[in-house]
Amino acid sequence: MKKFLILFLFIQSMALANTNLKLLKISYLKNIFGHIHQNASRSSTSLTTLSCGHPIKVYEVTNKAGKKFTVFGSGFFYVSAGNYYGYMQSHFLVDKKPNCFQKKFPKFFDELSLEITDLYYWGRLYDQYSQGKSTVK
């Protein structure tokens with residue numbers, strides 16, 4: 001199963017080399033920190049760490065066969081921020097600029113004196129959360 005998943009992600013990343021991108025919208029990161037990933041997987045390599053309220057471009061991808069994709073894997077968008085192109089979980093994005101913790105309490109947030117590694121691991125923590133409704137009765 002693991003080999004199949006790796007092969008699927010490799011083929012998917014190779015398929016994007018022969019595609020056209022169309023900008024769908026500009027969204028904003030709603031979590032305190034988040035990552036753009038190399039592949040459409042929560043455990044894939046992180047390309048960059050972004051903070052809350054960062055504008056992110058969401059694209060529609062059209063492959064050579066003319067098929068259009070907006071959602072990849074289990075709820076990932078193909079996005080860009082700056083020079084980084086990759087995948088981000090769709091439930092991390094909102095269409096209106098959010099009211100971020102960093103902006104509400106800047107003095108408190110600055111006193112935390114977070115280093116780059118702290119920002120990275122905080123973003124990875126959000127990647128590992130599973131969100132949804134419980135089906136237990």
# chains A, B, ... in the order shown; residues from 1 in each chain; ligands from 1
call {"tool": "residues_around", "arguments": {"residues": "range 46-59 of chain A", "least_positions_apart": "6", "cutoff": "9 Å", "atoms": "only C-alpha atoms", "output": "MDAnalysis selection string"}}
result
chainID A and resid 21:39 69:70 77:82 84:86 93 97:102 119:120 123:124
call {"tool": "select_by_dssp", "arguments": {"residues": "range 30-129 of chain A", "states": "strand (DSSP E)", "output": "ChimeraX atom specification"}}
result
/A:33-37,46-51,55-62,68-69,71-72,76-81,84-89,93-94
call {"tool": "atom_distance", "arguments": {"atom1": "CA of Gly73 in chain A", "atom2": "CA of Ser43 in chain A"}}
result
12.4 Å
call {"tool": "select_by_dssp", "arguments": {"residues": "chain A", "states": "alpha helix (DSSP H)", "output": "VMD selection string"}}
result
chain A and resid 2 to 15 101 to 104 106 to 111 116 to 128
call {"tool": "write_last_selection", "arguments": {"atoms": "N, CA, C and O atoms", "output": "compact mmCIF listing (two decimals), in the first residue's frame"}}
result
# COMPACT_ATOMS: atom_id res chain seq x y z
N LYS A 2 1.96 1.22 0.78
CA LYS A 2 2.85 2.37 0.87
C LYS A 2 3.52 2.64 -0.48
O LYS A 2 3.64 3.79 -0.89
N LYS A 3 3.92 1.57 -1.17
CA LYS A 3 4.55 1.73 -2.48
C LYS A 3 3.57 2.33 -3.48
O LYS A 3 3.93 3.16 -4.29
N PHE A 4 2.31 1.90 -3.40
CA PHE A 4 1.28 2.42 -4.29
C PHE A 4 1.08 3.91 -4.06
O PHE A 4 0.97 4.67 -5.01
N LEU A 5 1.03 4.32 -2.80
CA LEU A 5 0.82 5.73 -2.47
C LEU A 5 1.98 6.58 -2.98
O LEU A 5 1.77 7.64 -3.57
N ILE A 6 3.20 6.10 -2.79
CA ILE A 6 4.37 6.85 -3.27
C ILE A 6 4.36 6.94 -4.79
O ILE A 6 4.62 8.00 -5.35
N LEU A 7 4.02 5.86 -5.46
CA LEU A 7 3.94 5.86 -6.91
C LEU A 7 2.85 6.81 -7.40
O LEU A 7 3.06 7.58 -8.33
N PHE A 8 1.69 6.80 -6.73
CA PHE A 8 0.59 7.69 -7.10
C PHE A 8 1.01 9.16 -6.96
O PHE A 8 0.76 9.97 -7.84
N LEU A 9 1.64 9.50 -5.85
CA LEU A 9 2.06 10.88 -5.63
C LEU A 9 3.12 11.31 -6.64
O LEU A 9 3.14 12.45 -7.10
N PHE A 10 4.02 10.39 -7.00
CA PHE A 10 5.04 10.69 -8.00
C PHE A 10 4.41 10.95 -9.36
O PHE A 10 4.73 11.92 -10.04
N ILE A 11 3.47 10.09 -9.75
CA ILE A 11 2.80 10.26 -11.04
C ILE A 11 2.00 11.56 -11.06
O ILE A 11 2.01 12.28 -12.06
N GLN A 12 1.35 11.88 -9.94
CA GLN A 12 0.57 13.11 -9.86
C GLN A 12 1.47 14.33 -9.99
O GLN A 12 1.13 15.28 -10.68
N SER A 13 2.63 14.31 -9.35
CA SER A 13 3.53 15.46 -9.45
C SER A 13 4.12 15.57 -10.86
O SER A 13 4.34 16.66 -11.36
N MET A 14 4.36 14.44 -11.52
CA MET A 14 4.87 14.47 -12.90
C MET A 14 3.78 14.96 -13.85
O MET A 14 4.06 15.63 -14.83
N ALA A 15 2.53 14.64 -13.54
CA ALA A 15 1.43 15.06 -14.41
C ALA A 15 1.27 16.58 -14.40
O ALA A 15 0.85 17.16 -15.38
N PHE A 101 -4.90 35.70 15.58
CA PHE A 101 -4.39 35.84 16.94
C PHE A 101 -3.20 36.79 16.97
O PHE A 101 -3.09 37.62 17.88
N GLN A 102 -2.30 36.68 15.99
CA GLN A 102 -1.11 37.53 15.95
C GLN A 102 -1.50 39.00 15.86
O GLN A 102 -0.81 39.87 16.38
N LYS A 103 -2.58 39.29 15.16
CA LYS A 103 -3.01 40.67 14.98
C LYS A 103 -3.79 41.18 16.20
O LYS A 103 -3.68 42.35 16.56
N LYS A 104 -4.56 40.28 16.84
CA LYS A 104 -5.33 40.67 18.02
C LYS A 104 -4.43 40.98 19.21
O LYS A 104 -4.69 41.92 19.96
N PRO A 106 -0.65 41.40 19.47
CA PRO A 106 0.72 41.46 18.95
C PRO A 106 1.79 41.51 20.05
O PRO A 106 2.85 40.89 19.89
N LYS A 107 1.53 42.18 21.15
CA LYS A 107 2.54 42.25 22.22
C LYS A 107 2.76 40.88 22.83
O LYS A 107 3.90 40.47 23.08
N PHE A 108 1.67 40.17 23.09
CA PHE A 108 1.80 38.82 23.64
C PHE A 108 2.53 37.91 22.67
O PHE A 108 3.43 37.15 23.06
N PHE A 109 2.16 37.97 21.41
CA PHE A 109 2.77 37.10 20.41
C PHE A 109 4.26 37.39 20.24
O PHE A 109 5.07 36.48 20.11
N ASP A 110 4.64 38.67 20.27
CA ASP A 110 6.05 39.03 20.15
C ASP A 110 6.86 38.55 21.35
O ASP A 110 8.03 38.20 21.22
N GLU A 111 6.24 38.53 22.52
CA GLU A 111 6.93 38.07 23.72
C GLU A 111 7.22 36.57 23.69
O GLU A 111 8.07 36.09 24.44
N ILE A 116 12.36 30.09 13.97
CA ILE A 116 11.88 29.49 12.72
C ILE A 116 11.45 28.04 12.93
O ILE A 116 10.43 27.61 12.40
N THR A 117 12.20 27.29 13.72
CA THR A 117 11.83 25.89 13.96
C THR A 117 10.51 25.79 14.70
O THR A 117 9.73 24.88 14.46
N ASP A 118 10.25 26.74 15.62
CA ASP A 118 8.98 26.74 16.35
C ASP A 118 7.81 26.96 15.39
O ASP A 118 6.78 26.30 15.49
N LEU A 119 7.98 27.90 14.46
CA LEU A 119 6.94 28.17 13.48
C LEU A 119 6.68 26.94 12.62
O LEU A 119 5.53 26.60 12.33
N TYR A 120 7.76 26.27 12.22
CA TYR A 120 7.64 25.07 11.39
C TYR A 120 6.84 23.99 12.11
O TYR A 120 5.89 23.42 11.57
N TYR A 121 7.23 23.69 13.35
CA TYR A 121 6.58 22.61 14.08
C TYR A 121 5.14 22.96 14.46
O TYR A 121 4.29 22.09 14.53
N TRP A 122 4.86 24.22 14.70
CA TRP A 122 3.49 24.63 14.98
C TRP A 122 2.62 24.42 13.75
O TRP A 122 1.48 23.94 13.83
N GLY A 123 3.16 24.74 12.58
CA GLY A 123 2.44 24.49 11.33
C GLY A 123 2.24 23.01 11.08
O GLY A 123 1.18 22.58 10.62
N ARG A 124 3.25 22.19 11.39
CA ARG A 124 3.12 20.74 11.21
C ARG A 124 2.08 20.16 12.17
O ARG A 124 1.40 19.18 11.84
N LEU A 125 1.95 20.75 13.34
CA LEU A 125 0.94 20.29 14.29
C LEU A 125 -0.45 20.43 13.69
O LEU A 125 -1.27 19.51 13.77
N TYR A 126 -0.73 21.57 13.06
CA TYR A 126 -2.03 21.75 12.42
C TYR A 126 -2.25 20.76 11.28
O TYR A 126 -3.38 20.35 11.02
N ASP A 127 -1.18 20.36 10.60
CA ASP A 127 -1.32 19.36 9.54
C ASP A 127 -1.78 18.01 10.08
O ASP A 127 -2.45 17.25 9.39
N GLN A 128 -1.43 17.70 11.31
CA GLN A 128 -1.73 16.38 11.87
C GLN A 128 -3.11 16.29 12.52
O GLN A 128 -3.59 15.21 12.80
call {"tool": "residues_around", "arguments": {"residues": "Asn20 in chain A", "least_positions_apart": "3", "cutoff": "10 Å", "atoms": "only C-alpha atoms", "output": "MDAnalysis selection string"}}
result
chainID A and resid 16:17 59:64 66 68
call {"tool": "closest_residue", "arguments": {"among": "A:Ala65, A:Leu112, A:Met88, A:Val71", "to": "Ser41 in chain A", "atoms": "only C-alpha atoms"}}
result
A:Met88
call {"tool": "atom_distance", "arguments": {"atom1": "CA of Phe92 in chain A", "atom2": "CA of Ala40 in chain A"}}
result
13.7 Å
